[in-house]
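Asker: I'm passing along final-v1.cif; it holds mmCIF, C-alpha atoms; chains and numbers go by the auth columns.
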```
data_model
#
loop_
_atom_site.group_PDB
_atom_site.id
_atom_site.type_symbol
_atom_site.label_atom_id
_atom_site.label_comp_id
_atom_site.label_asym_id
_atom_site.label_seq_id
_atom_site.Cartn_x
_atom_site.Cartn_y
_atom_site.Cartn_z
_atom_site.B_iso_or_equiv
_atom_site.auth_seq_id
_atom_site.auth_asym_id
ATOM 1 C CA MET A 1 111.937 105.426 73.106 0.00 1 T
ATOM 2 C CA THR A 2 111.674 102.793 75.826 0.00 2 T
ATOM 3 C CA ASP A 3 114.504 100.261 75.990 0.00 3 T
ATOM 4 C CA THR A 4 112.829 96.995 77.021 0.00 4 T
ATOM 5 C CA GLY A 5 116.152 95.172 77.308 0.00 5 T
ATOM 6 C CA ASN A 6 114.826 92.439 74.989 0.00 6 T
ATOM 7 C CA PRO A 7 116.076 92.639 71.372 0.00 7 T
ATOM 8 C CA GLY A 8 113.702 89.817 70.441 0.00 8 T
ATOM 9 C CA ASN A 9 110.621 91.803 71.455 0.00 9 T
ATOM 10 C CA THR A 10 108.304 92.105 68.452 0.00 10 T
ATOM 11 C CA GLY A 11 105.513 94.089 70.100 0.00 11 T
ATOM 12 C CA ASN A 12 106.353 97.063 67.870 0.00 12 T
ATOM 13 C CA GLY A 13 109.120 95.933 65.555 0.00 13 T
ATOM 14 C CA GLY A 14 111.485 95.202 68.434 0.00 14 T
ATOM 15 C CA ALA A 15 111.876 98.896 69.269 0.00 15 T
ATOM 16 C CA ASP A 16 109.798 101.778 70.554 0.00 16 T
ATOM 17 C CA THR A 17 107.677 99.421 72.682 0.00 17 T
ATOM 18 C CA PRO A 18 105.424 101.440 75.022 0.00 18 T
ATOM 19 C CA LEU A 19 105.857 100.603 78.698 0.00 19 T
ATOM 20 C CA ARG A 20 102.192 99.826 79.262 0.00 20 T
ATOM 21 C CA ASP A 21 100.157 96.683 79.946 0.00 21 T
ATOM 22 C CA THR A 22 97.629 96.149 77.158 0.00 22 T
ATOM 23 C CA PRO A 23 94.431 94.076 76.805 0.00 23 T
ATOM 24 C CA GLU A 24 94.792 90.866 74.812 0.00 24 T
ATOM 25 C CA SER A 25 92.805 87.642 74.693 0.00 25 T
ATOM 26 C CA TRP A 26 93.958 84.407 73.084 0.00 26 T
ATOM 27 C CA PRO A 27 91.196 82.138 71.719 0.00 27 T
ATOM 28 C CA VAL A 28 89.440 79.993 74.342 0.00 28 T
ATOM 29 C CA ILE A 29 88.461 76.633 72.838 0.00 29 T
ATOM 30 C CA SER A 30 86.434 75.525 75.840 0.00 30 T
ATOM 31 C CA THR A 31 85.763 76.705 79.381 0.00 31 T
ATOM 32 C CA ASP A 32 84.381 75.141 82.546 0.00 32 T
ATOM 33 C CA LEU A 33 83.722 76.269 86.126 0.00 33 T
ATOM 34 C CA PRO A 34 84.301 73.073 88.132 0.00 34 T
ATOM 35 C CA PHE A 35 84.098 74.825 91.498 0.00 35 T
ATOM 36 C CA THR A 36 82.113 77.803 92.771 0.00 36 T
ATOM 37 C CA GLY A 37 82.580 78.983 96.334 0.00 37 T
ATOM 38 C CA ARG A 38 80.843 81.651 98.400 0.00 38 T
ATOM 39 C CA LYS A 39 82.829 84.516 96.881 0.00 39 T
ATOM 40 C CA THR A 40 85.201 83.032 94.294 0.00 40 T
ATOM 41 C CA GLY A 41 85.447 80.064 91.952 0.00 41 T
ATOM 42 C CA VAL A 42 87.908 78.073 89.839 0.00 42 T
ATOM 43 C CA ARG A 43 87.767 78.191 86.045 0.00 43 T
ATOM 44 C CA THR A 44 89.426 75.860 83.561 0.00 44 T
ATOM 45 C CA ASP A 45 90.092 77.221 80.061 0.00 45 T
ATOM 46 C CA GLU A 46 91.540 75.417 77.044 0.00 46 T
ATOM 47 C CA VAL A 47 93.523 78.181 75.330 0.00 47 T
ATOM 48 C CA ARG A 48 94.890 78.247 71.784 0.00 48 T
ATOM 49 C CA MET A 49 98.588 79.177 71.905 0.00 49 T
ATOM 50 C CA PRO A 50 100.298 81.285 69.200 0.00 50 T
ATOM 51 C CA ASP A 51 101.932 78.143 67.743 0.00 51 T
ATOM 52 C CA GLY A 52 98.532 76.470 67.329 0.00 52 T
ATOM 53 C CA SER A 53 98.787 74.128 70.311 0.00 53 T
ATOM 54 C CA VAL A 54 96.150 74.061 73.064 0.00 54 T
ATOM 55 C CA ALA A 55 97.079 74.539 76.741 0.00 55 T
ATOM 56 C CA ARG A 56 94.961 74.164 79.865 0.00 56 T
ATOM 57 C CA ARG A 57 94.830 77.083 82.272 0.00 57 T
ATOM 58 C CA ASP A 58 93.242 76.753 85.738 0.00 58 T
ATOM 59 C CA TYR A 59 92.713 79.952 87.718 0.00 59 T
ATOM 60 C CA GLN A 60 90.689 81.500 90.496 0.00 60 T
ATOM 61 C CA VAL A 61 87.799 83.695 89.369 0.00 61 T
ATOM 62 C CA HIS A 62 87.652 86.706 91.681 0.00 62 T
ATOM 63 C CA PRO A 63 85.314 89.722 91.939 0.00 63 T
ATOM 64 C CA GLY A 64 88.214 92.097 92.593 0.00 64 T
ATOM 65 C CA SER A 65 89.106 94.002 95.737 0.00 65 T
ATOM 66 C CA VAL A 66 90.106 97.324 97.234 0.00 66 T
ATOM 67 C CA ALA A 67 92.620 98.306 99.900 0.00 67 T
ATOM 68 C CA VAL A 68 93.308 101.550 101.746 0.00 68 T
ATOM 69 C CA LEU A 69 96.608 102.994 102.895 0.00 69 T
ATOM 70 C CA ALA A 70 95.244 105.486 105.432 0.00 70 T
ATOM 71 C CA ILE A 71 97.908 107.789 106.859 0.00 71 T
ATOM 72 C CA ASP A 72 97.494 110.439 109.545 0.00 72 T
ATOM 73 C CA GLU A 73 99.181 113.797 110.154 0.00 73 T
ATOM 74 C CA ARG A 74 101.869 112.070 112.244 0.00 74 T
ATOM 75 C CA ASP A 75 102.843 109.842 109.284 0.00 75 T
ATOM 76 C CA ARG A 76 101.297 106.752 110.869 0.00 76 T
ATOM 77 C CA VAL A 77 99.487 104.141 108.792 0.00 77 T
ATOM 78 C CA ALA A 78 96.299 102.425 109.955 0.00 78 T
ATOM 79 C CA LEU A 79 96.864 98.662 110.132 0.00 79 T
ATOM 80 C CA VAL A 80 94.833 95.613 111.054 0.00 80 T
ATOM 81 C CA ARG A 81 96.175 92.201 112.036 0.00 81 T
ATOM 82 C CA GLN A 82 94.224 89.047 111.340 0.00 82 T
ATOM 83 C CA TYR A 83 94.573 85.326 110.747 0.00 83 T
ATOM 84 C CA ARG A 84 94.892 84.215 107.098 0.00 84 T
ATOM 85 C CA HIS A 85 94.217 80.511 106.876 0.00 85 T
ATOM 86 C CA PRO A 86 95.691 79.726 103.410 0.00 86 T
ATOM 87 C CA VAL A 87 99.153 80.859 104.535 0.00 87 T
ATOM 88 C CA ARG A 88 98.684 79.804 108.193 0.00 88 T
ATOM 89 C CA ARG A 89 99.820 83.183 109.458 0.00 89 T
ATOM 90 C CA ARG A 90 98.516 86.210 111.300 0.00 90 T
ATOM 91 C CA LEU A 91 99.371 89.137 109.040 0.00 91 T
ATOM 92 C CA TRP A 92 99.584 92.887 109.492 0.00 92 T
ATOM 93 C CA GLU A 93 97.606 94.449 106.629 0.00 93 T
ATOM 94 C CA ILE A 94 96.045 97.685 105.475 0.00 94 T
ATOM 95 C CA PRO A 95 92.209 97.673 105.472 0.00 95 T
ATOM 96 C CA ALA A 96 90.896 95.768 102.449 0.00 96 T
ATOM 97 C CA GLY A 97 87.890 93.897 101.143 0.00 97 T
ATOM 98 C CA LEU A 98 86.140 92.354 98.158 0.00 98 T
ATOM 99 C CA LEU A 99 84.193 94.180 95.485 0.00 99 T
ATOM 100 C CA ASP A 100 81.309 91.830 96.151 0.00 100 T
ATOM 101 C CA VAL A 101 78.417 94.324 95.991 0.00 101 T
ATOM 102 C CA PRO A 102 77.111 94.179 92.376 0.00 102 T
ATOM 103 C CA GLY A 103 77.752 97.431 90.535 0.00 103 T
ATOM 104 C CA GLU A 104 79.530 99.150 93.416 0.00 104 T
ATOM 105 C CA PRO A 105 82.483 101.340 92.307 0.00 105 T
ATOM 106 C CA PRO A 106 85.840 100.900 94.079 0.00 106 T
ATOM 107 C CA LEU A 107 85.796 104.191 96.025 0.00 107 T
ATOM 108 C CA PRO A 108 82.571 103.621 98.014 0.00 108 T
ATOM 109 C CA ALA A 109 83.771 100.085 98.743 0.00 109 T
ATOM 110 C CA ALA A 110 87.076 101.443 100.046 0.00 110 T
ATOM 111 C CA ARG A 111 85.318 103.990 102.257 0.00 111 T
ATOM 112 C CA ARG A 112 83.197 101.195 103.685 0.00 112 T
ATOM 113 C CA GLU A 113 86.185 98.925 104.366 0.00 113 T
ATOM 114 C CA LEU A 114 88.061 101.719 106.135 0.00 114 T
ATOM 115 C CA TRP A 115 85.067 102.358 108.356 0.00 115 T
ATOM 116 C CA GLU A 116 84.318 98.696 109.057 0.00 116 T
ATOM 117 C CA GLU A 117 87.887 97.693 109.920 0.00 117 T
ATOM 118 C CA THR A 118 89.226 100.829 111.637 0.00 118 T
ATOM 119 C CA HIS A 119 86.207 103.081 112.333 0.00 119 T
ATOM 120 C CA LEU A 120 87.992 105.895 110.489 0.00 120 T
ATOM 121 C CA ARG A 121 86.933 108.278 107.745 0.00 121 T
ATOM 122 C CA ALA A 122 89.127 110.291 105.366 0.00 122 T
ATOM 123 C CA ASP A 123 88.661 113.652 103.662 0.00 123 T
ATOM 124 C CA ASP A 124 91.178 113.166 100.828 0.00 124 T
ATOM 125 C CA TRP A 125 91.248 110.107 98.561 0.00 125 T
ATOM 126 C CA ARG A 126 93.651 109.279 95.700 0.00 126 T
ATOM 127 C CA VAL A 127 94.449 106.188 93.666 0.00 127 T
ATOM 128 C CA LEU A 128 97.799 104.950 94.943 0.00 128 T
ATOM 129 C CA VAL A 129 98.342 101.902 92.726 0.00 129 T
ATOM 130 C CA ASP A 130 96.451 99.252 90.720 0.00 130 T
ATOM 131 C CA LEU A 131 97.740 95.706 90.536 0.00 131 T
ATOM 132 C CA TYR A 132 96.897 92.111 89.681 0.00 132 T
ATOM 133 C CA THR A 133 97.717 90.102 92.788 0.00 133 T
ATOM 134 C CA SER A 134 98.860 86.920 91.013 0.00 134 T
ATOM 135 C CA PRO A 135 98.036 87.069 87.273 0.00 135 T
ATOM 136 C CA GLY A 136 99.285 83.549 86.598 0.00 136 T
ATOM 137 C CA GLY A 137 96.737 82.041 88.974 0.00 137 T
ATOM 138 C CA THR A 138 93.849 84.458 89.487 0.00 138 T
ATOM 139 C CA ASP A 139 92.081 87.296 87.664 0.00 139 T
ATOM 140 C CA GLU A 140 91.885 89.329 90.887 0.00 140 T
ATOM 141 C CA ALA A 141 92.521 93.042 90.366 0.00 141 T
ATOM 142 C CA VAL A 142 93.012 95.253 93.410 0.00 142 T
ATOM 143 C CA ARG A 143 92.933 99.037 93.642 0.00 143 T
ATOM 144 C CA ILE A 144 94.887 100.529 96.534 0.00 144 T
ATOM 145 C CA PHE A 145 93.811 103.992 97.641 0.00 145 T
ATOM 146 C CA LEU A 146 95.709 106.610 99.585 0.00 146 T
ATOM 147 C CA ALA A 147 93.460 108.132 102.264 0.00 147 T
ATOM 148 C CA ARG A 148 94.456 111.301 104.126 0.00 148 T
ATOM 149 C CA GLY A 149 92.763 113.726 106.462 0.00 149 T
ATOM 150 C CA LEU A 150 91.739 110.997 108.903 0.00 150 T
ATOM 151 C CA SER A 151 89.230 111.324 111.712 0.00 151 T
ATOM 152 C CA SER A 152 87.132 108.981 113.819 0.00 152 T
ATOM 153 C CA ALA A 153 83.893 107.939 112.134 0.00 153 T
ATOM 154 C CA GLU A 154 80.626 108.844 113.785 0.00 154 T
ATOM 155 C CA GLY A 155 78.111 106.316 115.063 0.00 155 T
ATOM 156 C CA GLU A 156 78.456 102.763 116.289 0.00 156 T
ATOM 157 C CA ARG A 157 81.245 100.473 115.195 0.00 157 T
ATOM 158 C CA TYR A 158 80.645 97.799 112.583 0.00 158 T
ATOM 159 C CA GLU A 159 79.857 94.396 114.090 0.00 159 T
ATOM 160 C CA VAL A 160 82.581 91.973 112.959 0.00 160 T
ATOM 161 C CA SER A 161 82.602 88.178 112.753 0.00 161 T
ATOM 162 C CA ASP A 162 84.807 85.199 111.763 0.00 162 T
ATOM 163 C CA GLU A 163 88.507 86.175 111.413 0.00 163 T
ATOM 164 C CA GLU A 164 87.632 89.849 111.829 0.00 164 T
ATOM 165 C CA ALA A 165 86.268 89.210 115.333 0.00 165 T
ATOM 166 C CA ASP A 166 89.852 88.570 116.479 0.00 166 T
ATOM 167 C CA MET A 167 91.312 91.517 114.543 0.00 167 T
ATOM 168 C CA GLU A 168 93.914 93.798 116.122 0.00 168 T
ATOM 169 C CA ARG A 169 94.364 97.445 115.110 0.00 169 T
ATOM 170 C CA ALA A 170 97.354 99.780 115.260 0.00 170 T
ATOM 171 C CA MET A 171 98.749 103.047 113.904 0.00 171 T
ATOM 172 C CA VAL A 172 102.337 102.407 112.776 0.00 172 T
ATOM 173 C CA PRO A 173 104.911 104.946 111.494 0.00 173 T
ATOM 174 C CA LEU A 174 105.514 104.670 107.749 0.00 174 T
ATOM 175 C CA GLU A 175 109.277 104.477 108.251 0.00 175 T
ATOM 176 C CA GLU A 176 108.861 101.506 110.613 0.00 176 T
ATOM 177 C CA LEU A 177 106.809 99.723 107.946 0.00 177 T
ATOM 178 C CA ARG A 178 109.519 100.340 105.346 0.00 178 T
ATOM 179 C CA ARG A 179 112.129 98.856 107.651 0.00 179 T
ATOM 180 C CA ALA A 180 110.008 95.824 108.589 0.00 180 T
ATOM 181 C CA ILE A 181 109.125 95.029 104.972 0.00 181 T
ATOM 182 C CA LEU A 182 112.743 95.114 103.829 0.00 182 T
ATOM 183 C CA ALA A 183 113.702 92.992 106.834 0.00 183 T
ATOM 184 C CA GLY A 184 111.235 90.315 105.696 0.00 184 T
ATOM 185 C CA GLU A 185 108.998 90.782 108.723 0.00 185 T
ATOM 186 C CA LEU A 186 105.854 91.838 106.812 0.00 186 T
ATOM 187 C CA GLN A 187 104.588 90.073 103.676 0.00 187 T
ATOM 188 C CA ASN A 188 101.033 91.176 102.859 0.00 188 T
ATOM 189 C CA THR A 189 100.797 92.137 99.170 0.00 189 T
ATOM 190 C CA CYS A 190 98.677 95.270 99.545 0.00 190 T
ATOM 191 C CA LEU A 191 100.678 96.517 102.521 0.00 191 T
ATOM 192 C CA VAL A 192 103.991 96.140 100.683 0.00 192 T
ATOM 193 C CA ALA A 193 102.693 97.660 97.440 0.00 193 T
ATOM 194 C CA GLY A 194 100.953 100.497 99.246 0.00 194 T
ATOM 195 C CA VAL A 195 103.920 101.483 101.405 0.00 195 T
ATOM 196 C CA PHE A 196 106.442 101.571 98.577 0.00 196 T
ATOM 197 C CA SER A 197 104.047 103.239 96.161 0.00 197 T
ATOM 198 C CA LEU A 198 103.560 106.056 98.678 0.00 198 T
ATOM 199 C CA LEU A 199 107.302 106.368 99.241 0.00 199 T
ATOM 200 C CA ALA A 200 107.821 106.509 95.471 0.00 200 T
ATOM 201 C CA ALA A 201 105.095 109.133 95.069 0.00 201 T
ATOM 202 C CA ARG A 202 106.776 111.304 97.684 0.00 202 T
ATOM 203 C CA GLY A 203 109.937 111.279 95.583 0.00 203 T
ATOM 204 C CA VAL A 204 108.432 113.039 92.554 0.00 204 T
ATOM 205 C CA PRO A 205 107.699 116.767 92.125 0.00 205 T
ATOM 206 C CA GLY A 206 104.312 117.530 93.634 0.00 206 T
ATOM 207 C CA GLY A 207 104.345 114.341 95.698 0.00 207 T
ATOM 208 C CA PRO A 208 101.129 112.417 96.432 0.00 208 T
ATOM 209 C CA ASP A 209 99.012 115.357 95.246 0.00 209 T
ATOM 210 C CA THR A 210 99.916 114.304 91.687 0.00 210 T
ATOM 211 C CA LEU A 211 98.380 110.833 92.116 0.00 211 T
ATOM 212 C CA ARG A 212 95.333 109.902 90.025 0.00 212 T
ATOM 213 C CA PRO A 213 91.921 111.034 91.270 0.00 213 T
ATOM 214 C CA ALA A 214 89.969 108.526 93.342 0.00 214 T
ATOM 215 C CA ASP A 215 87.476 107.889 90.530 0.00 215 T
ATOM 216 C CA ALA A 216 90.097 107.216 87.817 0.00 216 T
ATOM 217 C CA PRO A 217 89.298 104.301 85.440 0.00 217 T
ATOM 218 C CA CYS A 218 90.105 100.965 87.018 0.00 218 T
ATOM 219 C CA PRO A 219 91.691 98.090 85.047 0.00 219 T
ATOM 220 C CA ARG A 220 89.707 94.874 85.165 0.00 220 T
ATOM 221 C CA PRO A 221 90.034 91.508 83.422 0.00 221 T
ATOM 222 C CA THR A 222 88.481 91.553 79.954 0.00 222 T
ATOM 223 C CA VAL A 223 86.614 88.266 80.504 0.00 223 T
ATOM 224 C CA SER A 224 84.414 87.645 83.545 0.00 224 T
#
```
For this file, produce the structure as structure tokens.
Answerer:
Amino acid sequence: MTDTGNPGNTGNGGADTPLRDTPESWPVISTDLPFTGRKTGVRTDEVRMPDGSVARRDYQVHPGSVAVLAIDERDRVALVRQYRHPVRRRLWEIPAGLLDVPGEPPLPAARRELWEETHLRADDWRVLVDLYTSPGGTDEAVRIFLARGLSSAEGERYEVSDEEADMERAMVPLEELRRAILAGELQNTCLVAGVFSLLAARGVPGGPDTLRPADAPCPRPTVS
């Protein structure tokens, strides 16, 4: 039995509540898409609350994304550093990108992002962690992969543009990333989640080899 620490929880009689996120959709009275950008948009829903009232919810509509924690035999993680205008900062990140090719599964997209941003390939892929980046304000779901068995990709490098044209690249020891994150020096969501998910996986019997296969089902919002 899972102790949720909330005696008022009525999900299953207030006891025996499974520790698992579950699909649920409250009635939408009306919906509008007042803004549509190049890749994302903003949706406004009027939602019926459990007490019968109606509340307005504005959120970013997002195609979803993938990220890759690629680690080499020397325990170094492949990082990129680029300018992120909304937060007015240049952030160290793991390679990542949008799921903006219609019908493309997460794994091929992750392989492509690793190649485009670092010119690396990997022989071993696992699902490290799935997360919603900010579920109160966007429906974005991101899958973070663990990539091992790294080598340089063949052929010419991908031609970058915009923020990526000024991108820096580095291989940084995992332990240095742990220290910098806890010191408040690194803040990127996927980097933080990826690093500590890998450290957690190493602490269980079997280690990262017990992670889900790379093609495991991926959680997505129930309404597009």
Asker: In Å, how far is it from CA of Leu98 in chain T to CA of Pro135 in chain T?
Answerer: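 If I compute the distance from CA of Leu98 in chain T to CA of Pro135 in chain T, I get 17.0 Å.
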Asker: Counting all atoms listed in the file, find residues at most 12 Å from (78.4, 92.1, 93.9) (file frame) and give them as a list in words.
Answerer: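 Within 12 Å of (78.4, 92.1, 93.9), the protein and nucleic acid residues are Arg38, Lys39, Thr40, His62, Pro63, Gly64, Ser65, Leu98, Leu99, Asp100, Val101, Pro102, Gly103, Glu104, Pro105, Pro106 and Ala109 of chain T.
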Asker: At what distance in Å, to one decimal, does CA of Gly136 in chain T lie from CA of Pro27 in chain T?
Answerer: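 Separation of CA of Pro27 in chain T and CA of Gly136 in chain T: 17.0 Å.
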Asker: So, with all atoms listed in the file as the atoms that count, which of T:Met167, T:Ala147, T:Leu107, T:Leu33 lies closest to Arg90 in chain T?
Answerer: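 Closest residue, counting all atoms listed in the file: T:Met167.
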Asker: Apply the PyMOL selection byres ((chain T and resi 176-178) around 10) to the displayed file and report the matching residues as an mmCIF file with C-alpha atoms, in the coordinates of the input.
Answerer:
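Written file, expr35.cif:
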```cif
data_model
loop_
_atom_site.group_PDB
_atom_site.id
_atom_site.type_symbol
_atom_site.label_atom_id
_atom_site.label_comp_id
_atom_site.auth_asym_id
_atom_site.auth_seq_id
_atom_site.Cartn_x
_atom_site.Cartn_y
_atom_site.Cartn_z
ATOM 1 C CA ARG T 76 101.297 106.752 110.869
ATOM 2 C CA VAL T 77 99.487 104.141 108.792
ATOM 3 C CA VAL T 172 102.337 102.407 112.776
ATOM 4 C CA PRO T 173 104.911 104.946 111.494
ATOM 5 C CA LEU T 174 105.514 104.670 107.749
ATOM 6 C CA GLU T 175 109.277 104.477 108.251
ATOM 7 C CA ARG T 179 112.129 98.856 107.651
ATOM 8 C CA ALA T 180 110.008 95.824 108.589
ATOM 9 C CA ILE T 181 109.125 95.029 104.972
ATOM 10 C CA LEU T 182 112.743 95.114 103.829
ATOM 11 C CA ALA T 183 113.702 92.992 106.834
ATOM 12 C CA GLU T 185 108.998 90.782 108.723
ATOM 13 C CA LEU T 186 105.854 91.838 106.812
ATOM 14 C CA LEU T 191 100.678 96.517 102.521
ATOM 15 C CA VAL T 192 103.991 96.140 100.683
ATOM 16 C CA VAL T 195 103.920 101.483 101.405
ATOM 17 C CA PHE T 196 106.442 101.571 98.577
ATOM 18 C CA LEU T 199 107.302 106.368 99.241
#
```
Asker: CA of Tyr83 in chain T and CA of Cys190 in chain T, how far apart in Å?
Answerer: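 For CA of Cys190 in chain T relative to CA of Tyr83 in chain T, the distance reads 15.5 Å.
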Asker: List the residues matched by the PyMOL selection byres ((chain T and resi 130) around 12) in the displayed structure as a ChimeraX atom specification, ordered by chain and then by residue number.
Answerer: /T:21,64-68,106,126-129,131-133,140-146,189-190,193-194,197,211-212,214,216-220
Asker: Need the axis-aligned box for range 35-43 of chain T with 4 Å each side, so what are the centre and edges in Å to one decimal, as AutoDock Vina command-line options?
Answerer:
```
--center_x 84.4 --center_y 79.7 --center_z 92.2 --size_x 15.1 --size_y 17.7 --size_z 20.4
```
Asker: Return as an mmCIF file with C-alpha atoms, in the coordinates of the input the set of residues that the PyMOL selection byres ((chain T and resi 84) around 12) yields on the displayed structure.
Answerer:
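Contents of the output file selection.cif:
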```
data_model
loop_
_atom_site.group_PDB
_atom_site.id
_atom_site.type_symbol
_atom_site.label_atom_id
_atom_site.label_comp_id
_atom_site.auth_asym_id
_atom_site.auth_seq_id
_atom_site.Cartn_x
_atom_site.Cartn_y
_atom_site.Cartn_z
ATOM 1 C CA ARG T 81 96.175 92.201 112.036
ATOM 2 C CA GLN T 82 94.224 89.047 111.340
ATOM 3 C CA TYR T 83 94.573 85.326 110.747
ATOM 4 C CA HIS T 85 94.217 80.511 106.876
ATOM 5 C CA PRO T 86 95.691 79.726 103.410
ATOM 6 C CA VAL T 87 99.153 80.859 104.535
ATOM 7 C CA ARG T 88 98.684 79.804 108.193
ATOM 8 C CA ARG T 89 99.820 83.183 109.458
ATOM 9 C CA ARG T 90 98.516 86.210 111.300
ATOM 10 C CA LEU T 91 99.371 89.137 109.040
ATOM 11 C CA TRP T 92 99.584 92.887 109.492
ATOM 12 C CA GLU T 93 97.606 94.449 106.629
ATOM 13 C CA ASP T 162 84.807 85.199 111.763
ATOM 14 C CA GLU T 163 88.507 86.175 111.413
ATOM 15 C CA GLU T 164 87.632 89.849 111.829
ATOM 16 C CA ASP T 166 89.852 88.570 116.479
ATOM 17 C CA MET T 167 91.312 91.517 114.543
ATOM 18 C CA GLN T 187 104.588 90.073 103.676
ATOM 19 C CA ASN T 188 101.033 91.176 102.859
#
```
Asker: May I have the residues within 8 Å of Ala170 in chain T as number ranges by chain, using all atoms listed in the file and disregarding those fewer than 4 positions away in the same chain?
Answerer: T: 78-80
Asker: Can you write out the residues you just picked, keeping C-alpha atoms, as a tab-separated table (two decimals), in the coordinates of the input?
Answerer:
```
chain	number	residue	atom	x	y	z
T	78	ALA	CA	96.30	102.42	109.96
T	79	LEU	CA	96.86	98.66	110.13
T	80	VAL	CA	94.83	95.61	111.05
```
Asker: Which one is closest to Ala55 in chain T: T:Val42, T:Ile71, T:Ala200, T:Val28? Count only C-alpha atoms.
Answerer: T:Val28
Asker: From the options T:Val47, T:Leu19, T:Ala153, T:Val54, which residue's atoms come nearest to Ala122 in chain T, counting all atoms listed in the file?
Answerer: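 Checking each of T:Val47, T:Leu19, T:Ala153, T:Val54 against Ala122 in chain T, counting all atoms listed in the file, the winner is T:Ala153.
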Asker: With the input short on atoms, add all heavy atoms back to range 121-126 of chain T and write it as an mmCIF file, keeping the file's coordinate frame.
Answerer:
```
data_model
loop_
_atom_site.group_PDB
_atom_site.id
_atom_site.type_symbol
_atom_site.label_atom_id
_atom_site.label_comp_id
_atom_site.auth_asym_id
_atom_site.auth_seq_id
_atom_site.Cartn_x
_atom_site.Cartn_y
_atom_site.Cartn_z
ATOM 1 N N ARG T 121 87.353 107.673 109.000
ATOM 2 C CA ARG T 121 86.933 108.278 107.745
ATOM 3 C C ARG T 121 88.076 109.143 107.246
ATOM 4 O O ARG T 121 88.988 109.489 108.011
ATOM 5 C CB ARG T 121 85.662 109.110 107.910
ATOM 6 C CG ARG T 121 85.804 110.270 108.878
ATOM 7 C CD ARG T 121 84.506 111.048 109.034
ATOM 8 N NE ARG T 121 84.079 111.632 107.771
ATOM 9 C CZ ARG T 121 84.516 112.817 107.317
ATOM 10 N NH1 ARG T 121 85.396 113.515 108.016
ATOM 11 N NH2 ARG T 121 84.073 113.288 106.176
ATOM 12 N N ALA T 122 88.062 109.478 105.948
ATOM 13 C CA ALA T 122 89.127 110.291 105.366
ATOM 14 C C ALA T 122 88.520 111.372 104.480
ATOM 15 O O ALA T 122 87.524 111.134 103.789
ATOM 16 C CB ALA T 122 90.080 109.414 104.566
ATOM 17 N N ASP T 123 89.144 112.536 104.470
ATOM 18 C CA ASP T 123 88.661 113.652 103.662
ATOM 19 C C ASP T 123 89.271 113.668 102.262
ATOM 20 O O ASP T 123 88.679 114.205 101.330
ATOM 21 C CB ASP T 123 88.978 114.982 104.353
ATOM 22 C CG ASP T 123 88.191 115.165 105.643
ATOM 23 O OD1 ASP T 123 87.065 114.638 105.724
ATOM 24 O OD2 ASP T 123 88.711 115.809 106.567
ATOM 25 N N ASP T 124 90.467 113.105 102.112
ATOM 26 C CA ASP T 124 91.178 113.166 100.828
ATOM 27 C C ASP T 124 91.496 111.754 100.340
ATOM 28 O O ASP T 124 92.141 110.975 101.050
ATOM 29 C CB ASP T 124 92.467 113.969 100.972
ATOM 30 C CG ASP T 124 93.179 114.156 99.646
ATOM 31 O OD1 ASP T 124 92.806 115.090 98.900
ATOM 32 O OD2 ASP T 124 94.100 113.369 99.343
ATOM 33 N N TRP T 125 91.039 111.428 99.133
ATOM 34 C CA TRP T 125 91.248 110.107 98.561
ATOM 35 C C TRP T 125 91.946 110.218 97.211
ATOM 36 O O TRP T 125 91.577 111.060 96.387
ATOM 37 C CB TRP T 125 89.907 109.379 98.378
ATOM 38 C CG TRP T 125 89.263 108.983 99.663
ATOM 39 C CD1 TRP T 125 88.534 109.783 100.505
ATOM 40 C CD2 TRP T 125 89.293 107.687 100.273
ATOM 41 N NE1 TRP T 125 88.104 109.072 101.595
ATOM 42 C CE2 TRP T 125 88.550 107.777 101.480
ATOM 43 C CE3 TRP T 125 89.851 106.464 99.916
ATOM 44 C CZ2 TRP T 125 88.360 106.683 102.320
ATOM 45 C CZ3 TRP T 125 89.671 105.378 100.755
ATOM 46 C CH2 TRP T 125 88.937 105.489 101.938
ATOM 47 N N ARG T 126 92.936 109.370 96.977
ATOM 48 C CA ARG T 126 93.651 109.279 95.700
ATOM 49 C C ARG T 126 93.867 107.811 95.363
ATOM 50 O O ARG T 126 93.890 106.950 96.245
ATOM 51 C CB ARG T 126 95.027 109.959 95.788
ATOM 52 C CG ARG T 126 95.035 111.354 96.376
ATOM 53 C CD ARG T 126 94.690 112.402 95.368
ATOM 54 N NE ARG T 126 94.554 113.718 95.976
ATOM 55 C CZ ARG T 126 94.915 114.852 95.379
ATOM 56 N NH1 ARG T 126 95.445 114.809 94.163
ATOM 57 N NH2 ARG T 126 94.747 116.002 95.987
#
```
